[in-house]
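Contents: one structure, followed by commentary.
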Amino acid sequence: MKITLEQHPELKLAHEFIKKFPDAVIAGGVARDLLCNRESNDIDIFMSVSSDIEKINYGIHMGRFFSEKGFDGYETRDHYGFDGHLMQINVGNLDICLMTKDFSKTELIDSFDMVSSHAWMEPTDDGFEVKATDLFQKLNDKRILGIYRKKADFREDHIQRICDKYSDYLPLELDKPKKIENFGVEFIPDF
């Protein structure tokens, strides 16, 4: 699904950020919400920071970037508890999660606690291409929220918020597929 910044001006800062920091990945809730025609409160951006020097470097460049955009400060807090998580920086409607290890889009998406978060956004010149895994598409077509319960136990409040937001969807606990490859899924349950 292609979207433009003209249609979604709330994504302008995220688009500029991704253009400035091309290794960053927008994934999860905002992409899911766009694909499902729902409003989003924030935009999750994930970045790999492999050393303290790189963390400082990113901090300096992000500080300049946000200062140029009119943001004088930012808030930091713990993130969702992903493996390799370092910190989350909140600026405007962006939640930037710094990770302590390198990751591919596949590894990042594979770490999420819901099939219904297996979506991401790739920048285009005038907006984004919003994409999702095959399993996401299959479940979404049937209005099912796929939840990997074993991964989600420590995030009950997050799961409940999504279930409340998607109250017209059926929540379904699933076992995690053995492998997500090239954003397709090796095993797709038959519904």
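Starting from 1 in every chain, residues are counted up; chains themselves are A, B, ... following the order of the structure tokens, and ligands are numbered from 1 as listed.
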
Strand (DSSP E or B) per DSSP on the backbone: members of region 84-157 of chain A, as a PyMOL selection string: chain A and resi 85-91+94-99+114+119-124+127-132+144-147

Expected file contents, prior selection, N, CA and C atoms, as a JSON list (two decimals), in the first residue's frame:
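Result file follows (again_23.json):
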[["chain", "number", "residue", "atom", "x", "y", "z"],
["A", 85, "HIS", "N", 17.64, -4.24, 23.67],
["A", 85, "HIS", "CA", 17.14, -2.87, 23.79],
["A", 85, "HIS", "C", 18.09, -2.03, 24.63],
["A", 86, "LEU", "N", 18.30, -0.80, 24.24],
["A", 86, "LEU", "CA", 19.13, 0.13, 24.98],
["A", 86, "LEU", "C", 18.26, 1.21, 25.62],
["A", 87, "MET", "N", 17.57, 1.97, 24.83],
["A", 87, "MET", "CA", 16.70, 3.03, 25.36],
["A", 87, "MET", "C", 15.73, 3.48, 24.28],
["A", 88, "GLN", "N", 14.71, 4.20, 24.72],
["A", 88, "GLN", "CA", 13.76, 4.79, 23.79],
["A", 88, "GLN", "C", 13.80, 6.29, 23.95],
["A", 89, "ILE", "N", 13.83, 6.99, 22.84],
["A", 89, "ILE", "CA", 13.81, 8.45, 22.81],
["A", 89, "ILE", "C", 12.47, 8.87, 22.21],
["A", 90, "ASN", "N", 11.75, 9.73, 22.91],
["A", 90, "ASN", "CA", 10.46, 10.21, 22.42],
["A", 90, "ASN", "C", 10.58, 11.67, 22.04],
["A", 91, "VAL", "N", 10.30, 11.95, 20.76],
["A", 91, "VAL", "CA", 10.31, 13.33, 20.25],
["A", 91, "VAL", "C", 9.09, 13.48, 19.35],
["A", 94, "LEU", "N", 7.35, 10.58, 17.43],
["A", 94, "LEU", "CA", 8.31, 9.51, 17.15],
["A", 94, "LEU", "C", 8.78, 8.87, 18.45],
["A", 95, "ASP", "N", 8.79, 7.54, 18.46],
["A", 95, "ASP", "CA", 9.39, 6.76, 19.53],
["A", 95, "ASP", "C", 10.57, 6.02, 18.90],
["A", 96, "ILE", "N", 11.79, 6.49, 19.19],
["A", 96, "ILE", "CA", 12.98, 5.93, 18.57],
["A", 96, "ILE", "C", 13.63, 4.97, 19.55],
["A", 97, "CYS", "N", 13.65, 3.71, 19.19],
["A", 97, "CYS", "CA", 14.19, 2.67, 20.05],
["A", 97, "CYS", "C", 15.61, 2.34, 19.59],
["A", 98, "LEU", "N", 16.58, 2.61, 20.45],
["A", 98, "LEU", "CA", 17.96, 2.27, 20.14],
["A", 98, "LEU", "C", 18.23, 0.85, 20.61],
["A", 99, "MET", "N", 18.76, 0.03, 19.72],
["A", 99, "MET", "CA", 19.04, -1.37, 20.01],
["A", 99, "MET", "C", 20.55, -1.56, 20.10],
["A", 114, "MET", "N", 3.24, -9.94, 18.42],
["A", 114, "MET", "CA", 1.97, -10.13, 17.71],
["A", 114, "MET", "C", 2.21, -10.23, 16.21],
["A", 119, "ALA", "N", 4.42, -5.58, 10.40],
["A", 119, "ALA", "CA", 4.27, -4.64, 9.29],
["A", 119, "ALA", "C", 5.36, -3.58, 9.39],
["A", 120, "TRP", "N", 5.74, -3.01, 8.27],
["A", 120, "TRP", "CA", 6.80, -2.02, 8.26],
["A", 120, "TRP", "C", 6.56, -1.03, 7.13],
["A", 121, "MET", "N", 7.35, 0.05, 7.14],
["A", 121, "MET", "CA", 7.20, 1.11, 6.14],
["A", 121, "MET", "C", 8.54, 1.39, 5.48],
["A", 122, "GLU", "N", 8.52, 1.49, 4.17],
["A", 122, "GLU", "CA", 9.72, 1.83, 3.42],
["A", 122, "GLU", "C", 9.49, 3.18, 2.74],
["A", 123, "PRO", "N", 10.45, 4.12, 2.90],
["A", 123, "PRO", "CA", 10.24, 5.46, 2.36],
["A", 123, "PRO", "C", 10.26, 5.48, 0.83],
["A", 124, "THR", "N", 9.43, 6.35, 0.28],
["A", 124, "THR", "CA", 9.44, 6.68, -1.15],
["A", 124, "THR", "C", 9.72, 8.18, -1.21],
["A", 127, "GLY", "N", 6.40, 9.77, 0.31],
["A", 127, "GLY", "CA", 5.66, 9.11, 1.38],
["A", 127, "GLY", "C", 6.28, 7.78, 1.75],
["A", 128, "PHE", "N", 5.45, 6.75, 1.84],
["A", 128, "PHE", "CA", 5.91, 5.43, 2.24],
["A", 128, "PHE", "C", 5.18, 4.34, 1.47],
["A", 129, "GLU", "N", 5.84, 3.22, 1.34],
["A", 129, "GLU", "CA", 5.21, 1.97, 0.93],
["A", 129, "GLU", "C", 5.03, 1.18, 2.23],
["A", 130, "VAL", "N", 3.80, 0.82, 2.56],
["A", 130, "VAL", "CA", 3.50, 0.08, 3.79],
["A", 130, "VAL", "C", 3.35, -1.39, 3.42],
["A", 131, "LYS", "N", 4.11, -2.24, 4.13],
["A", 131, "LYS", "CA", 4.15, -3.66, 3.79],
["A", 131, "LYS", "C", 3.92, -4.50, 5.04],
["A", 132, "ALA", "N", 3.60, -5.78, 4.83],
["A", 132, "ALA", "CA", 3.37, -6.70, 5.94],
["A", 132, "ALA", "C", 3.71, -8.11, 5.51],
["A", 144, "ILE", "N", -8.48, -11.12, 12.31],
["A", 144, "ILE", "CA", -7.93, -11.85, 13.46],
["A", 144, "ILE", "C", -6.66, -11.15, 13.92],
["A", 145, "LEU", "N", -6.56, -10.93, 15.24],
["A", 145, "LEU", "CA", -5.33, -10.44, 15.85],
["A", 145, "LEU", "C", -4.53, -11.65, 16.29],
["A", 146, "GLY", "N", -3.42, -11.90, 15.64],
["A", 146, "GLY", "CA", -2.57, -13.04, 16.01],
["A", 146, "GLY", "C", -1.61, -12.62, 17.11],
["A", 147, "ILE", "N", -1.66, -13.35, 18.24],
["A", 147, "ILE", "CA", -0.84, -13.01, 19.40],
["A", 147, "ILE", "C", 0.05, -14.20, 19.73]]

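For Pro22 (chain A), the set of protein, DNA and RNA residues having any atom at most 10 Å away, when counting only C-alpha atoms and skipping those fewer than 3 positions along the same chain, is Glu16, Phe17, Ile18, Lys19, Val25, Met47, Glu122 and Pro123 of chain A.
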
Mind writing the picked residues with N, CA and C atoms as a PDB file, in the first residue's frame?
ATOM      1  N   GLU A  16      11.214  12.507   7.159  1.00  0.00           N
ATOM      2  CA  GLU A  16      12.465  13.271   7.169  1.00  0.00           C
ATOM      3  C   GLU A  16      13.525  12.555   7.994  1.00  0.00           C
ATOM      4  N   PHE A  17      13.118  11.955   9.114  1.00  0.00           N
ATOM      5  CA  PHE A  17      14.051  11.233   9.977  1.00  0.00           C
ATOM      6  C   PHE A  17      14.640  10.031   9.244  1.00  0.00           C
ATOM      7  N   ILE A  18      13.797   9.249   8.589  1.00  0.00           N
ATOM      8  CA  ILE A  18      14.251   8.059   7.867  1.00  0.00           C
ATOM      9  C   ILE A  18      15.170   8.442   6.700  1.00  0.00           C
ATOM     10  N   LYS A  19      14.899   9.561   6.064  1.00  0.00           N
ATOM     11  CA  LYS A  19      15.781  10.030   4.982  1.00  0.00           C
ATOM     12  C   LYS A  19      17.152  10.423   5.551  1.00  0.00           C
ATOM     13  N   VAL A  25      14.510   1.781  10.970  1.00  0.00           N
ATOM     14  CA  VAL A  25      13.382   1.007  10.448  1.00  0.00           C
ATOM     15  C   VAL A  25      12.107   1.422  11.171  1.00  0.00           C
ATOM     16  N   MET A  47      16.573   1.580  15.672  1.00  0.00           N
ATOM     17  CA  MET A  47      17.915   1.858  15.167  1.00  0.00           C
ATOM     18  C   MET A  47      18.914   1.008  15.924  1.00  0.00           C
ATOM     19  N   GLU A 122       8.521   1.486   4.168  1.00  0.00           N
ATOM     20  CA  GLU A 122       9.719   1.833   3.415  1.00  0.00           C
ATOM     21  C   GLU A 122       9.488   3.180   2.744  1.00  0.00           C
ATOM     22  N   PRO A 123      10.448   4.116   2.903  1.00  0.00           N
ATOM     23  CA  PRO A 123      10.241   5.457   2.356  1.00  0.00           C
ATOM     24  C   PRO A 123      10.264   5.481   0.830  1.00  0.00           C
TER      25      PRO A 123
END

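Closest to Gly59 (chain A) among A:Pro171, A:Leu5, A:Gly92, A:Tyr74 is A:Tyr74, based on only C-alpha atoms.
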
Select from region 20-101 of chain A every residue with an atom at most 12 Å from any atom of region 7-10 of chain A, then for each give the shortest pair of atoms and their distance in Å to one decimal, using only C-alpha atoms, rows by chain and rising number, as a tab-separated table.
residue	atom	partner	partner_atom	distance
A:Val30	CA	A:Glu10	CA	10.9
A:Leu34	CA	A:His8	CA	9.7
A:Asn37	CA	A:His8	CA	11.7
A:Glu39	CA	A:Glu10	CA	10.4
A:Ser40	CA	A:Glu10	CA	9.5
A:Asn41	CA	A:Glu10	CA	9.6
A:Asp42	CA	A:Glu10	CA	9.4
A:Ile43	CA	A:Glu10	CA	9.5
A:Gly92	CA	A:Glu10	CA	10.0
A:Asn93	CA	A:Glu10	CA	8.0
A:Leu94	CA	A:Glu10	CA	10.1

DSSP helix (DSSP H, G or I) residues within chain A, as number ranges by chain: A: 9-20, 29-35, 52-68, 105-110, 115-117, 134-141, 149-165

Would you mind exporting C-alpha atoms of the selected residues as a short mmCIF file (atom, residue, chain, number, x, y, z; two decimals), in the first residue's frame?
data_model
loop_
_atom_site.label_atom_id
_atom_site.label_comp_id
_atom_site.auth_asym_id
_atom_site.auth_seq_id
_atom_site.Cartn_x
_atom_site.Cartn_y
_atom_site.Cartn_z
CA PRO A 9 1.00 14.84 7.15
CA GLU A 10 1.53 13.30 10.62
CA LEU A 11 4.25 11.14 9.00
CA LYS A 12 6.31 14.08 7.71
CA LEU A 13 8.76 14.12 10.64
CA ALA A 14 9.19 10.33 10.43
CA HIS A 15 9.83 10.58 6.68
CA GLU A 16 12.47 13.27 7.17
CA PHE A 17 14.05 11.23 9.98
CA ILE A 18 14.25 8.06 7.87
CA LYS A 19 15.78 10.03 4.98
CA LYS A 20 18.40 11.44 7.39
CA GLY A 29 1.87 -0.37 15.17
CA VAL A 30 1.80 2.59 12.81
CA ALA A 31 2.22 0.35 9.75
CA ARG A 32 -0.47 -2.01 11.06
CA ASP A 33 -2.82 0.89 11.75
CA LEU A 34 -2.31 2.36 8.29
CA LEU A 35 -3.01 -0.99 6.64
CA ASP A 52 29.01 3.87 22.99
CA ILE A 53 30.76 6.01 20.38
CA GLU A 54 28.01 5.28 17.87
CA LYS A 55 25.38 6.07 20.53
CA ILE A 56 27.02 9.45 21.19
CA ASN A 57 27.35 10.10 17.45
CA TYR A 58 23.67 9.31 16.85
CA GLY A 59 22.76 11.48 19.84
CA ILE A 60 24.62 14.48 18.43
CA HIS A 61 23.16 14.06 14.92
CA MET A 62 19.64 13.41 16.23
CA GLY A 63 19.92 16.44 18.53
CA ARG A 64 20.83 18.66 15.57
CA PHE A 65 18.11 17.13 13.39
CA PHE A 66 15.36 17.67 15.97
CA SER A 67 16.63 21.13 16.90
CA GLU A 68 16.35 22.15 13.22
CA LYS A 105 14.07 -6.13 9.29
CA THR A 106 13.25 -9.83 9.46
CA GLU A 107 14.90 -10.24 12.89
CA LEU A 108 13.19 -7.12 14.21
CA ILE A 109 9.75 -8.15 13.02
CA ASP A 110 10.36 -11.69 14.26
CA VAL A 115 1.52 -11.19 14.11
CA SER A 116 -0.59 -8.05 13.97
CA SER A 117 2.59 -5.99 14.36
CA ASP A 134 2.02 -12.94 4.42
CA LEU A 135 0.70 -14.19 7.78
CA PHE A 136 -0.27 -10.66 8.81
CA GLN A 137 -2.20 -10.27 5.54
CA LYS A 138 -3.93 -13.62 5.89
CA LEU A 139 -5.02 -12.99 9.49
CA ASN A 140 -5.97 -9.38 8.80
CA ASP A 141 -8.20 -10.44 5.89
CA ARG A 149 1.23 -15.51 23.91
CA LYS A 150 4.54 -16.93 25.16
CA LYS A 151 6.34 -13.78 24.02
CA ALA A 152 3.58 -11.46 25.16
CA ASP A 153 3.18 -12.56 28.79
CA PHE A 154 5.27 -9.68 30.14
CA ARG A 155 3.37 -7.12 28.03
CA GLU A 156 -0.26 -7.78 28.95
CA ASP A 157 -1.08 -4.05 28.97
CA HIS A 158 0.24 -3.66 25.40
CA ILE A 159 -1.75 -6.66 24.17
CA GLN A 160 -4.89 -5.38 25.92
CA ARG A 161 -4.53 -1.91 24.34
CA ILE A 162 -4.31 -3.45 20.86
CA CYS A 163 -7.26 -5.77 21.56
CA ASP A 164 -9.31 -2.77 22.76
CA LYS A 165 -8.35 -0.71 19.70
#
